[in-house]
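**Q** For reference, the structure I am asking about is given below.
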Protein chains: 2
Amino acid sequence: MSRRKIYTDRMPSRSGADLALLLLGSYRNLVDEVVRELARRGFPDVRPSHEYALQAIQAGADNASALGRSLSITKQAAAKTIAALTERDYVTTTASPVDARRKQVQITEHGLALMREGAAIFDEVRARWEQRLGPGELARLEAQLAQFVAVSPIRLDAPGWAAQELG
Amino acid sequence: MSRRKIYTDRMPSRSGADLALLLLGSYRNLVDEVVRELARRGFPDVRPSHEYALQAIQAGADNASALGRSLSITKQAAAKTIAALTERDYVTTTASPVDARRKQVQITEHGLALMREGAAIFDEVRARWEQRLGPGELARLEAQLAQFVAVSPIRLDAPGWAAQELG
DNA sequence: CCGAGATGGACAACCAGGTTGTCGAGTAAG
DNA sequence: CTTACTCGACAACCTGGTTGTCCATCTCGG
């Protein structure tokens, strides 16, 4: 606590707050690049949250309530998201044949194309990072980060906080 | 692309999207812990953005316009932030003696106490991470992340996207 | 077979943290 | 003195959430 010197190669030259900014900044850089590239490839108005929602839908959350649970947001918010996705023709909804309350969400071809492109771009950027760090280093970094997201069993499927606007 | 095996110890078992979630999740875990602990220590209604704003103010952005520039938000938004900080008694504003347009922002003793506690907790959590990873590993991780935030000279002083609610 | 309770979706009101646009007052430079 | 810029304030709006209420529908126990 009392600021005595530490025998590491670096002082605590980076404060805890800096660490937070590093994590956030890296995330932003990564996601921004993906969104930018997605725009360039014909998906101009995608938000990160759209991708997360589509993934959840594809994973089986095919109605507003389920999507809300999957994303840890209220079903009303999930319904809004579905509306936004519908507007952009990434999903369509049809009445469920089995349950008249449900409105079943389907991903359109356009939505599937978005998901494909998104995943590809993500992987491209990741590959560039890997190249930059050197072989094995990115996997190491990921393994280390994984320790911290695993500490509390955070629902990573729940990014409301990931749905931010770009700068 | 075609999913052929790669000669690393791990497959690209982690996709680019996973990497994003790891970064975001780590950030969230870190910040959530700090905010939670801050609440426990008598600052119940702090948001991450408050800390960032206070730091910018301390660094010299002592009026709404300057704070806005420093945080890369509009001065109107900055004024709202200052209002929020004032409400919570973290800052006070007085008329500038030198320029009658300016309203000079000062950090109160309570605000300074918050900043001290915040920094201390951040460093505590960072120390715990360091312990978890082993000596030198955290510095290494930070250095690696720094490469990616440095790529584009991102204004890390600009977290609007950092101002998210807790879960 | 029926009724109670859970579930799905919709609507309305609200909030936080941003945005734009406009404005008047104050300052600085010609 | 005039002109251009800056500061802060106000109003209206957007996004992505929230709560609370409501009705239609399903499910299950008796």
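As shown in the structure tokens, the chain order sets the letters A, B, ...; within each chain, residues go from 1, and ligands are also counted from 1 in the order they appear.
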Determine, counting only C-alpha atoms (C1' of nucleotides), which protein, DNA and RNA residues have an atom within 10 Å of an atom of DG8 of chain D; residues of the same chain fewer than 5 positions away are not included. Present the result as a list of chain:residue names.
**A**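 Counting only the stated atoms, we get B:Asn63, B:Ala64, B:Ser65, B:Lys75, B:Gln76, B:Ala79, B:Arg101, B:Arg102, B:Lys103, C:DG24, C:DA25.
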**Q** Go ahead and write the residues just picked, N, CA and C atoms (P, O5', C5', C4', C3', O3' and C1' of nucleotides), as a PDB file, in the first residue's frame.
**A**
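Result file follows (selection.pdb):
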```
ATOM      1  N   ASN B  63     -14.119  23.444 -16.524  1.00  0.00           N
ATOM      2  CA  ASN B  63     -15.430  24.017 -16.864  1.00  0.00           C
ATOM      3  C   ASN B  63     -16.095  23.092 -17.870  1.00  0.00           C
ATOM      4  N   ALA B  64     -17.361  23.339 -18.131  1.00  0.00           N
ATOM      5  CA  ALA B  64     -18.138  22.396 -18.923  1.00  0.00           C
ATOM      6  C   ALA B  64     -17.546  22.199 -20.322  1.00  0.00           C
ATOM      7  N   SER B  65     -17.192  23.263 -20.964  1.00  0.00           N
ATOM      8  CA  SER B  65     -16.671  23.141 -22.324  1.00  0.00           C
ATOM      9  C   SER B  65     -15.379  22.341 -22.348  1.00  0.00           C
ATOM     10  N   LYS B  75     -20.479  19.732 -24.857  1.00  0.00           N
ATOM     11  CA  LYS B  75     -20.414  20.496 -23.615  1.00  0.00           C
ATOM     12  C   LYS B  75     -21.729  20.379 -22.852  1.00  0.00           C
ATOM     13  N   GLN B  76     -22.821  20.178 -23.580  1.00  0.00           N
ATOM     14  CA  GLN B  76     -24.106  19.986 -22.909  1.00  0.00           C
ATOM     15  C   GLN B  76     -24.082  18.730 -22.054  1.00  0.00           C
ATOM     16  N   ALA B  79     -21.994  19.319 -19.123  1.00  0.00           N
ATOM     17  CA  ALA B  79     -22.704  20.104 -18.118  1.00  0.00           C
ATOM     18  C   ALA B  79     -23.613  19.208 -17.286  1.00  0.00           C
ATOM     19  N   ARG B 101     -17.914  34.382 -18.170  1.00  0.00           N
ATOM     20  CA  ARG B 101     -18.719  33.325 -18.793  1.00  0.00           C
ATOM     21  C   ARG B 101     -18.486  31.989 -18.098  1.00  0.00           C
ATOM     22  N   ARG B 102     -17.261  31.781 -17.736  1.00  0.00           N
ATOM     23  CA  ARG B 102     -16.870  30.493 -17.159  1.00  0.00           C
ATOM     24  C   ARG B 102     -17.489  30.249 -15.789  1.00  0.00           C
ATOM     25  N   LYS B 103     -17.824  29.000 -15.555  1.00  0.00           N
ATOM     26  CA  LYS B 103     -18.147  28.562 -14.200  1.00  0.00           C
ATOM     27  C   LYS B 103     -17.104  27.537 -13.812  1.00  0.00           C
TER      28      LYS B 103
ATOM     29  P    DG C  24     -31.352  35.907 -28.399  1.00  0.00           P
ATOM     30  O5'  DG C  24     -30.553  36.220 -27.055  1.00  0.00           O
ATOM     31  C5'  DG C  24     -31.117  35.845 -25.794  1.00  0.00           C
ATOM     32  C4'  DG C  24     -30.045  35.944 -24.734  1.00  0.00           C
ATOM     33  C3'  DG C  24     -29.321  37.298 -24.702  1.00  0.00           C
ATOM     34  O3'  DG C  24     -29.048  37.625 -23.353  1.00  0.00           O
ATOM     35  C1'  DG C  24     -27.758  35.577 -25.084  1.00  0.00           C
ATOM     36  P    DA C  25     -28.534  39.044 -22.980  1.00  0.00           P
ATOM     37  O5'  DA C  25     -27.170  38.764 -22.228  1.00  0.00           O
ATOM     38  C5'  DA C  25     -27.125  37.788 -21.196  1.00  0.00           C
ATOM     39  C4'  DA C  25     -25.681  37.410 -20.968  1.00  0.00           C
ATOM     40  C3'  DA C  25     -24.745  38.616 -20.839  1.00  0.00           C
ATOM     41  O3'  DA C  25     -23.916  38.410 -19.723  1.00  0.00           O
ATOM     42  C1'  DA C  25     -23.930  37.122 -22.477  1.00  0.00           C
TER      43       DA C  25
END
```
**Q** Please report, as JSON lines, each residue of chain C lying at most 9 Å from chain A, together with the nearest pair of atoms and the separation in Å rounded to one decimal; use only C-alpha atoms (C1' of nucleotides), and order rows by chain and ascending residue number.
**A**
```
{"residue": "C:DT7", "atom": "C1'", "partner": "A:Arg101", "partner_atom": "CA", "distance": 8.7}
{"residue": "C:DG8", "atom": "C1'", "partner": "A:Arg101", "partner_atom": "CA", "distance": 5.3}
{"residue": "C:DG9", "atom": "C1'", "partner": "A:Arg101", "partner_atom": "CA", "distance": 7.1}
{"residue": "C:DA10", "atom": "C1'", "partner": "A:Gln76", "partner_atom": "CA", "distance": 8.7}
```
**Q** Please, could you write that set of residues out with N, CA and C atoms (P, O5', C5', C4', C3', O3' and C1' of nucleotides) as a JSON list (two decimals), in the first residue's frame?
**A**
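Output below, filename result27.json:
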```
[["chain", "number", "residue", "atom", "x", "y", "z"],
["C", 7, "DT", "P", -43.40, -19.24, -15.56],
["C", 7, "DT", "O5'", -43.83, -18.76, -17.02],
["C", 7, "DT", "C5'", -44.28, -19.73, -17.94],
["C", 7, "DT", "C4'", -44.83, -19.03, -19.15],
["C", 7, "DT", "C3'", -43.89, -17.95, -19.68],
["C", 7, "DT", "O3'", -43.54, -18.35, -20.99],
["C", 7, "DT", "C1'", -46.13, -17.22, -19.61],
["C", 8, "DG", "P", -42.55, -17.49, -21.86],
["C", 8, "DG", "O5'", -43.54, -16.68, -22.81],
["C", 8, "DG", "C5'", -44.24, -17.37, -23.83],
["C", 8, "DG", "C4'", -44.90, -16.37, -24.74],
["C", 8, "DG", "C3'", -43.96, -15.24, -25.18],
["C", 8, "DG", "O3'", -44.10, -15.02, -26.58],
["C", 8, "DG", "C1'", -45.87, -14.34, -24.06],
["C", 9, "DG", "P", -43.22, -13.89, -27.26],
["C", 9, "DG", "O5'", -44.21, -12.65, -27.26],
["C", 9, "DG", "C5'", -45.41, -12.73, -28.01],
["C", 9, "DG", "C4'", -46.23, -11.51, -27.77],
["C", 9, "DG", "C3'", -45.53, -10.20, -28.16],
["C", 9, "DG", "O3'", -46.39, -9.51, -29.04],
["C", 9, "DG", "C1'", -46.48, -10.05, -26.00],
["C", 10, "DA", "P", -45.84, -8.23, -29.83],
["C", 10, "DA", "O5'", -46.66, -7.04, -29.13],
["C", 10, "DA", "C5'", -48.08, -7.11, -29.14],
["C", 10, "DA", "C4'", -48.64, -6.02, -28.24],
["C", 10, "DA", "C3'", -48.00, -4.65, -28.50],
["C", 10, "DA", "O3'", -49.03, -3.72, -28.75],
["C", 10, "DA", "C1'", -48.01, -5.19, -26.18]]
```
**Q** One number please: atom C1' of DA29 of chain C to atom C1' of DC7 of chain D, in Å, one decimal.
**A**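 Separation of atom C1' of DA29 of chain C and atom C1' of DC7 of chain D: 17.9 Å.
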**Q** Where does DSSP see strand (DSSP E) in segment 26-165 of chain A, if you list the residues as an NGL selection string?
**A** :A and (91-95 or 103-107)
**Q** With all C-alpha atoms paired in order, what RMSD does the least-squares fit of chain B onto chain A leave?
**A**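 Once chain B is fitted onto chain A, the C-alpha RMSD works out to 0.3 Å.
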**Q** Using DSSP secondary structure from the backbone, list all helix (DSSP H, G or I) positions within segment 17-156 of chain A, as a tab-separated table (two decimals) with N, CA and C atoms, in the first residue's frame.
**A**
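The result, written out as result_8.tsv:
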```tsv
chain	number	residue	atom	x	y	z
A	17	ALA	N	-6.60	1.57	-12.77
A	17	ALA	CA	-7.49	2.29	-13.67
A	17	ALA	C	-6.99	2.20	-15.11
A	18	ASP	N	-5.68	2.28	-15.28
A	18	ASP	CA	-5.12	2.13	-16.62
A	18	ASP	C	-5.45	0.77	-17.20
A	19	LEU	N	-5.36	-0.23	-16.36
A	19	LEU	CA	-5.69	-1.58	-16.83
A	19	LEU	C	-7.11	-1.62	-17.38
A	20	ALA	N	-8.02	-0.99	-16.65
A	20	ALA	CA	-9.40	-0.95	-17.11
A	20	ALA	C	-9.49	-0.29	-18.48
A	21	LEU	N	-8.79	0.82	-18.62
A	21	LEU	CA	-8.82	1.53	-19.90
A	21	LEU	C	-8.21	0.70	-21.01
A	22	LEU	N	-7.18	-0.05	-20.68
A	22	LEU	CA	-6.57	-0.90	-21.69
A	22	LEU	C	-7.57	-1.95	-22.18
A	23	LEU	N	-8.25	-2.57	-21.24
A	23	LEU	CA	-9.22	-3.60	-21.61
A	23	LEU	C	-10.33	-2.99	-22.46
A	24	LEU	N	-10.84	-1.88	-21.98
A	24	LEU	CA	-11.94	-1.24	-22.70
A	24	LEU	C	-11.48	-0.76	-24.06
A	25	GLY	N	-10.32	-0.14	-24.09
A	25	GLY	CA	-9.81	0.36	-25.36
A	25	GLY	C	-9.58	-0.74	-26.37
A	26	SER	N	-9.06	-1.85	-25.90
A	26	SER	CA	-8.83	-2.97	-26.82
A	26	SER	C	-10.16	-3.46	-27.38
A	27	TYR	N	-11.11	-3.61	-26.48
A	27	TYR	CA	-12.43	-4.06	-26.92
A	27	TYR	C	-12.99	-3.12	-27.98
A	28	ARG	N	-12.91	-1.84	-27.68
A	28	ARG	CA	-13.45	-0.87	-28.60
A	28	ARG	C	-12.76	-0.93	-29.96
A	29	ASN	N	-11.47	-0.98	-29.93
A	29	ASN	CA	-10.73	-1.03	-31.19
A	29	ASN	C	-11.15	-2.23	-32.01
A	30	LEU	N	-11.24	-3.35	-31.33
A	30	LEU	CA	-11.63	-4.58	-32.01
A	30	LEU	C	-13.02	-4.46	-32.63
A	31	VAL	N	-13.96	-4.07	-31.80
A	31	VAL	CA	-15.34	-4.03	-32.26
A	31	VAL	C	-15.55	-2.93	-33.30
A	32	ASP	N	-14.94	-1.79	-33.06
A	32	ASP	CA	-15.08	-0.70	-34.03
A	32	ASP	C	-14.60	-1.14	-35.40
A	33	GLU	N	-13.48	-1.82	-35.40
A	33	GLU	CA	-12.94	-2.23	-36.68
A	33	GLU	C	-13.91	-3.19	-37.38
A	34	VAL	N	-14.48	-4.08	-36.62
A	34	VAL	CA	-15.42	-5.02	-37.22
A	34	VAL	C	-16.63	-4.28	-37.77
A	35	VAL	N	-17.17	-3.36	-36.97
A	35	VAL	CA	-18.36	-2.65	-37.42
A	35	VAL	C	-18.05	-1.80	-38.65
A	36	ARG	N	-16.89	-1.18	-38.64
A	36	ARG	CA	-16.50	-0.36	-39.77
A	36	ARG	C	-16.40	-1.21	-41.04
A	37	GLU	N	-15.75	-2.34	-40.91
A	37	GLU	CA	-15.56	-3.21	-42.06
A	37	GLU	C	-16.91	-3.77	-42.54
A	38	LEU	N	-17.76	-4.06	-41.56
A	38	LEU	CA	-19.09	-4.55	-41.90
A	38	LEU	C	-19.83	-3.49	-42.72
A	39	ALA	N	-19.70	-2.26	-42.33
A	39	ALA	CA	-20.33	-1.17	-43.06
A	39	ALA	C	-19.79	-1.13	-44.50
A	40	ARG	N	-18.48	-1.28	-44.60
A	40	ARG	CA	-17.85	-1.25	-45.91
A	40	ARG	C	-18.37	-2.38	-46.81
A	48	PRO	N	-23.17	-3.57	-32.61
A	48	PRO	CA	-22.70	-4.80	-31.97
A	48	PRO	C	-23.84	-5.59	-31.36
A	49	SER	N	-24.78	-4.88	-30.76
A	49	SER	CA	-25.88	-5.58	-30.09
A	49	SER	C	-26.67	-6.44	-31.07
A	50	HIS	N	-26.73	-5.99	-32.32
A	50	HIS	CA	-27.47	-6.77	-33.30
A	50	HIS	C	-26.83	-8.13	-33.48
A	51	GLU	N	-25.52	-8.13	-33.54
A	51	GLU	CA	-24.84	-9.40	-33.72
A	51	GLU	C	-25.08	-10.32	-32.53
A	52	TYR	N	-24.96	-9.75	-31.35
A	52	TYR	CA	-25.17	-10.58	-30.17
A	52	TYR	C	-26.58	-11.14	-30.15
A	53	ALA	N	-27.54	-10.29	-30.52
A	53	ALA	CA	-28.92	-10.74	-30.51
A	53	ALA	C	-29.11	-11.86	-31.54
A	54	LEU	N	-28.56	-11.66	-32.73
A	54	LEU	CA	-28.71	-12.69	-33.76
A	54	LEU	C	-28.12	-14.02	-33.28
A	55	GLN	N	-26.97	-13.92	-32.64
A	55	GLN	CA	-26.37	-15.15	-32.15
A	55	GLN	C	-27.28	-15.85	-31.15
A	56	ALA	N	-27.85	-15.05	-30.26
A	56	ALA	CA	-28.75	-15.64	-29.27
A	56	ALA	C	-29.97	-16.26	-29.94
A	57	ILE	N	-30.46	-15.58	-30.97
A	57	ILE	CA	-31.62	-16.11	-31.69
A	57	ILE	C	-31.25	-17.43	-32.35
A	58	GLN	N	-30.12	-17.41	-33.01
A	58	GLN	CA	-29.69	-18.64	-33.69
A	58	GLN	C	-29.50	-19.77	-32.68
A	64	ALA	N	-39.40	-13.14	-28.06
A	64	ALA	CA	-38.94	-11.98	-27.30
A	64	ALA	C	-38.58	-12.37	-25.86
A	65	SER	N	-39.41	-13.15	-25.23
A	65	SER	CA	-39.13	-13.50	-23.84
A	65	SER	C	-37.83	-14.29	-23.72
A	66	ALA	N	-37.69	-15.28	-24.59
A	66	ALA	CA	-36.47	-16.10	-24.54
A	66	ALA	C	-35.24	-15.25	-24.84
A	67	LEU	N	-35.37	-14.36	-25.81
A	67	LEU	CA	-34.24	-13.51	-26.15
A	67	LEU	C	-33.87	-12.63	-24.97
A	68	GLY	N	-34.90	-12.12	-24.31
A	68	GLY	CA	-34.65	-11.30	-23.14
A	68	GLY	C	-33.89	-12.08	-22.08
A	69	ARG	N	-34.34	-13.29	-21.82
A	69	ARG	CA	-33.63	-14.10	-20.82
A	69	ARG	C	-32.20	-14.35	-21.26
A	70	SER	N	-32.05	-14.69	-22.51
A	70	SER	CA	-30.73	-15.03	-23.01
A	70	SER	C	-29.77	-13.85	-22.94
A	71	LEU	N	-30.31	-12.66	-23.14
A	71	LEU	CA	-29.47	-11.47	-23.14
A	71	LEU	C	-29.50	-10.76	-21.79
A	75	LYS	N	-37.99	-8.47	-21.42
A	75	LYS	CA	-38.57	-8.92	-22.68
A	75	LYS	C	-39.01	-7.74	-23.53
A	76	GLN	N	-39.36	-6.62	-22.86
A	76	GLN	CA	-39.73	-5.44	-23.62
A	76	GLN	C	-38.54	-4.93	-24.44
A	77	ALA	N	-37.39	-4.88	-23.78
A	77	ALA	CA	-36.19	-4.44	-24.49
A	77	ALA	C	-35.87	-5.41	-25.62
A	78	ALA	N	-36.03	-6.69	-25.34
A	78	ALA	CA	-35.77	-7.69	-26.37
A	78	ALA	C	-36.72	-7.49	-27.55
A	79	ALA	N	-37.96	-7.17	-27.24
A	79	ALA	CA	-38.92	-6.94	-28.31
A	79	ALA	C	-38.49	-5.75	-29.16
A	80	LYS	N	-37.98	-4.71	-28.51
A	80	LYS	CA	-37.48	-3.56	-29.28
A	80	LYS	C	-36.34	-3.98	-30.20
A	81	THR	N	-35.45	-4.78	-29.66
A	81	THR	CA	-34.33	-5.25	-30.47
A	81	THR	C	-34.83	-6.03	-31.67
A	82	ILE	N	-35.79	-6.91	-31.43
A	82	ILE	CA	-36.34	-7.68	-32.53
A	82	ILE	C	-36.98	-6.76	-33.56
A	83	ALA	N	-37.65	-5.73	-33.07
A	83	ALA	CA	-38.24	-4.77	-34.00
A	83	ALA	C	-37.16	-4.12	-34.86
A	84	ALA	N	-36.06	-3.75	-34.23
A	84	ALA	CA	-34.98	-3.12	-34.98
A	84	ALA	C	-34.41	-4.09	-36.00
A	85	LEU	N	-34.25	-5.34	-35.62
A	85	LEU	CA	-33.72	-6.34	-36.54
A	85	LEU	C	-34.69	-6.58	-37.69
A	86	THR	N	-35.97	-6.54	-37.36
A	86	THR	CA	-36.98	-6.74	-38.39
A	86	THR	C	-36.95	-5.59	-39.40
A	87	GLU	N	-36.86	-4.38	-38.87
A	87	GLU	CA	-36.77	-3.21	-39.73
A	87	GLU	C	-35.65	-3.34	-40.75
A	109	GLU	N	-32.20	-14.60	-44.78
A	109	GLU	CA	-30.95	-14.85	-45.53
A	109	GLU	C	-29.99	-13.68	-45.34
A	110	HIS	N	-30.58	-12.50	-45.36
A	110	HIS	CA	-29.77	-11.29	-45.15
A	110	HIS	C	-29.11	-11.32	-43.76
A	111	GLY	N	-29.87	-11.76	-42.78
A	111	GLY	CA	-29.33	-11.87	-41.43
A	111	GLY	C	-28.22	-12.90	-41.36
A	112	LEU	N	-28.41	-14.00	-42.03
A	112	LEU	CA	-27.38	-15.03	-42.03
A	112	LEU	C	-26.11	-14.52	-42.70
A	113	ALA	N	-26.32	-13.75	-43.78
A	113	ALA	CA	-25.16	-13.18	-44.47
A	113	ALA	C	-24.40	-12.26	-43.53
A	114	LEU	N	-25.15	-11.47	-42.80
A	114	LEU	CA	-24.52	-10.58	-41.82
A	114	LEU	C	-23.70	-11.37	-40.81
A	115	MET	N	-24.28	-12.42	-40.30
A	115	MET	CA	-23.58	-13.21	-39.29
A	115	MET	C	-22.30	-13.82	-39.86
A	116	ARG	N	-22.41	-14.32	-41.10
A	116	ARG	CA	-21.22	-14.89	-41.74
A	116	ARG	C	-20.12	-13.85	-41.88
A	117	GLU	N	-20.49	-12.71	-42.45
A	117	GLU	CA	-19.50	-11.65	-42.64
A	117	GLU	C	-18.92	-11.21	-41.30
A	118	GLY	N	-19.80	-11.03	-40.33
A	118	GLY	CA	-19.34	-10.58	-39.03
A	118	GLY	C	-18.32	-11.52	-38.43
A	119	ALA	N	-18.66	-12.80	-38.45
A	119	ALA	CA	-17.73	-13.79	-37.87
A	119	ALA	C	-16.41	-13.78	-38.62
A	120	ALA	N	-16.50	-13.69	-39.96
A	120	ALA	CA	-15.27	-13.71	-40.75
A	120	ALA	C	-14.39	-12.51	-40.42
A	121	ILE	N	-15.02	-11.35	-40.32
A	121	ILE	CA	-14.23	-10.15	-40.04
A	121	ILE	C	-13.62	-10.23	-38.65
A	122	PHE	N	-14.42	-10.67	-37.70
A	122	PHE	CA	-13.88	-10.85	-36.35
A	122	PHE	C	-12.63	-11.72	-36.39
A	123	ASP	N	-12.74	-12.80	-37.11
A	123	ASP	CA	-11.60	-13.72	-37.15
A	123	ASP	C	-10.41	-13.12	-37.89
A	124	GLU	N	-10.71	-12.32	-38.90
A	124	GLU	CA	-9.62	-11.64	-39.60
A	124	GLU	C	-8.86	-10.71	-38.68
A	125	VAL	N	-9.65	-9.93	-37.94
A	125	VAL	CA	-8.99	-8.98	-37.03
A	125	VAL	C	-8.21	-9.74	-35.97
A	126	ARG	N	-8.81	-10.81	-35.49
A	126	ARG	CA	-8.11	-11.61	-34.49
A	126	ARG	C	-6.79	-12.15	-35.06
A	127	ALA	N	-6.84	-12.58	-36.30
A	127	ALA	CA	-5.62	-13.11	-36.94
A	127	ALA	C	-4.56	-12.03	-37.03
A	128	ARG	N	-5.00	-10.81	-37.31
A	128	ARG	CA	-4.04	-9.72	-37.38
A	128	ARG	C	-3.41	-9.47	-36.01
A	129	TRP	N	-4.24	-9.55	-34.99
A	129	TRP	CA	-3.71	-9.39	-33.64
A	129	TRP	C	-2.69	-10.48	-33.34
A	130	GLU	N	-3.04	-11.67	-33.72
A	130	GLU	CA	-2.15	-12.80	-33.44
A	130	GLU	C	-0.80	-12.58	-34.10
A	131	GLN	N	-0.87	-12.12	-35.35
A	131	GLN	CA	0.35	-11.86	-36.10
A	131	GLN	C	1.20	-10.81	-35.39
A	132	ARG	N	0.49	-9.84	-34.86
A	132	ARG	CA	1.19	-8.73	-34.22
A	132	ARG	C	1.88	-9.19	-32.93
A	133	LEU	N	1.25	-10.10	-32.22
A	133	LEU	CA	1.81	-10.49	-30.93
A	133	LEU	C	2.83	-11.61	-31.06
A	137	GLU	N	1.01	-16.19	-28.54
A	137	GLU	CA	0.84	-15.13	-27.55
A	137	GLU	C	-0.63	-14.75	-27.35
A	138	LEU	N	-1.37	-14.76	-28.45
A	138	LEU	CA	-2.77	-14.36	-28.31
A	138	LEU	C	-3.54	-15.41	-27.51
A	139	ALA	N	-3.24	-16.65	-27.79
A	139	ALA	CA	-3.90	-17.72	-27.04
A	139	ALA	C	-3.60	-17.58	-25.55
A	140	ARG	N	-2.37	-17.23	-25.27
A	140	ARG	CA	-1.96	-17.03	-23.89
A	140	ARG	C	-2.75	-15.89	-23.25
A	141	LEU	N	-2.82	-14.80	-24.00
A	141	LEU	CA	-3.56	-13.65	-23.50
A	141	LEU	C	-5.02	-14.01	-23.25
A	142	GLU	N	-5.58	-14.75	-24.19
A	142	GLU	CA	-6.98	-15.14	-24.04
A	142	GLU	C	-7.17	-16.03	-22.82
A	143	ALA	N	-6.24	-16.92	-22.64
A	143	ALA	CA	-6.34	-17.82	-21.49
A	143	ALA	C	-6.27	-17.02	-20.19
A	144	GLN	N	-5.42	-16.01	-20.20
A	144	GLN	CA	-5.30	-15.21	-18.98
A	144	GLN	C	-6.57	-14.41	-18.72
A	145	LEU	N	-7.08	-13.81	-19.78
A	145	LEU	CA	-8.33	-13.05	-19.61
A	145	LEU	C	-9.46	-13.96	-19.15
A	146	ALA	N	-9.43	-15.17	-19.70
A	146	ALA	CA	-10.51	-16.11	-19.37
A	146	ALA	C	-10.56	-16.36	-17.86
A	147	GLN	N	-9.42	-16.28	-17.23
A	147	GLN	CA	-9.41	-16.48	-15.79
A	147	GLN	C	-10.25	-15.44	-15.08
A	148	PHE	N	-10.28	-14.25	-15.65
A	148	PHE	CA	-10.97	-13.18	-14.95
A	148	PHE	C	-12.43	-13.10	-15.30
A	149	VAL	N	-12.79	-13.53	-16.47
A	149	VAL	CA	-14.22	-13.55	-16.74
A	149	VAL	C	-14.83	-14.78	-16.09
A	150	ALA	N	-13.99	-15.75	-15.79
A	150	ALA	CA	-14.52	-16.96	-15.18
A	150	ALA	C	-14.69	-16.80	-13.68
A	151	VAL	N	-13.97	-15.85	-13.10
A	151	VAL	CA	-14.02	-15.69	-11.66
A	151	VAL	C	-15.46	-15.63	-11.17
```
**Q** Grab the atom C1' of DA12 of chain C to atom C1' of DT21 of chain D distance for me, in Å with one decimal place.
**A**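 Going from atom C1' of DA12 of chain C over to atom C1' of DT21 of chain D, I get 8.8 Å.
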**Q** State, in Å with one decimal place, the distance from atom CA of Ala61 of chain B to atom CA of Arg41 of chain B.
**A** 27.2 Å
**Q** Give as a count of residues only every residue of chain D that touches chain A within 10 Å, counting only C-alpha atoms (C1' of nucleotides).
**A** 7
**Q** May I ask which of the residues B:Ser72, B:Ile107, B:Phe43, B:Asp62 is the closest one to chain A, counting only C-alpha atoms?
**A**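 Using only C-alpha atoms, the shortest distance to chain A belongs to B:Ser72.
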**Q** Counting only C-alpha atoms (C1' of nucleotides), what is within 12 Å of DC28 of chain D, bar same-chain residues fewer than 4 positions away, as a ChimeraX atom specification?
**A** /C:2-6
**Q** For the selection just defined, write its residues with C-alpha atoms (C1' of nucleotides) to a file, as a PDB file, in the first residue's frame.
**A**
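This is the output file selection_17.pdb:
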```
ATOM      1  C1'  DC C   2     -62.395 -26.465 -15.342  1.00  0.00           C
ATOM      2  C1'  DG C   3     -60.148 -22.876 -12.941  1.00  0.00           C
ATOM      3  C1'  DA C   4     -55.671 -20.972 -11.016  1.00  0.00           C
ATOM      4  C1'  DG C   5     -51.452 -19.603 -12.076  1.00  0.00           C
ATOM      5  C1'  DA C   6     -47.587 -18.985 -15.224  1.00  0.00           C
TER       6       DA C   6
END
```
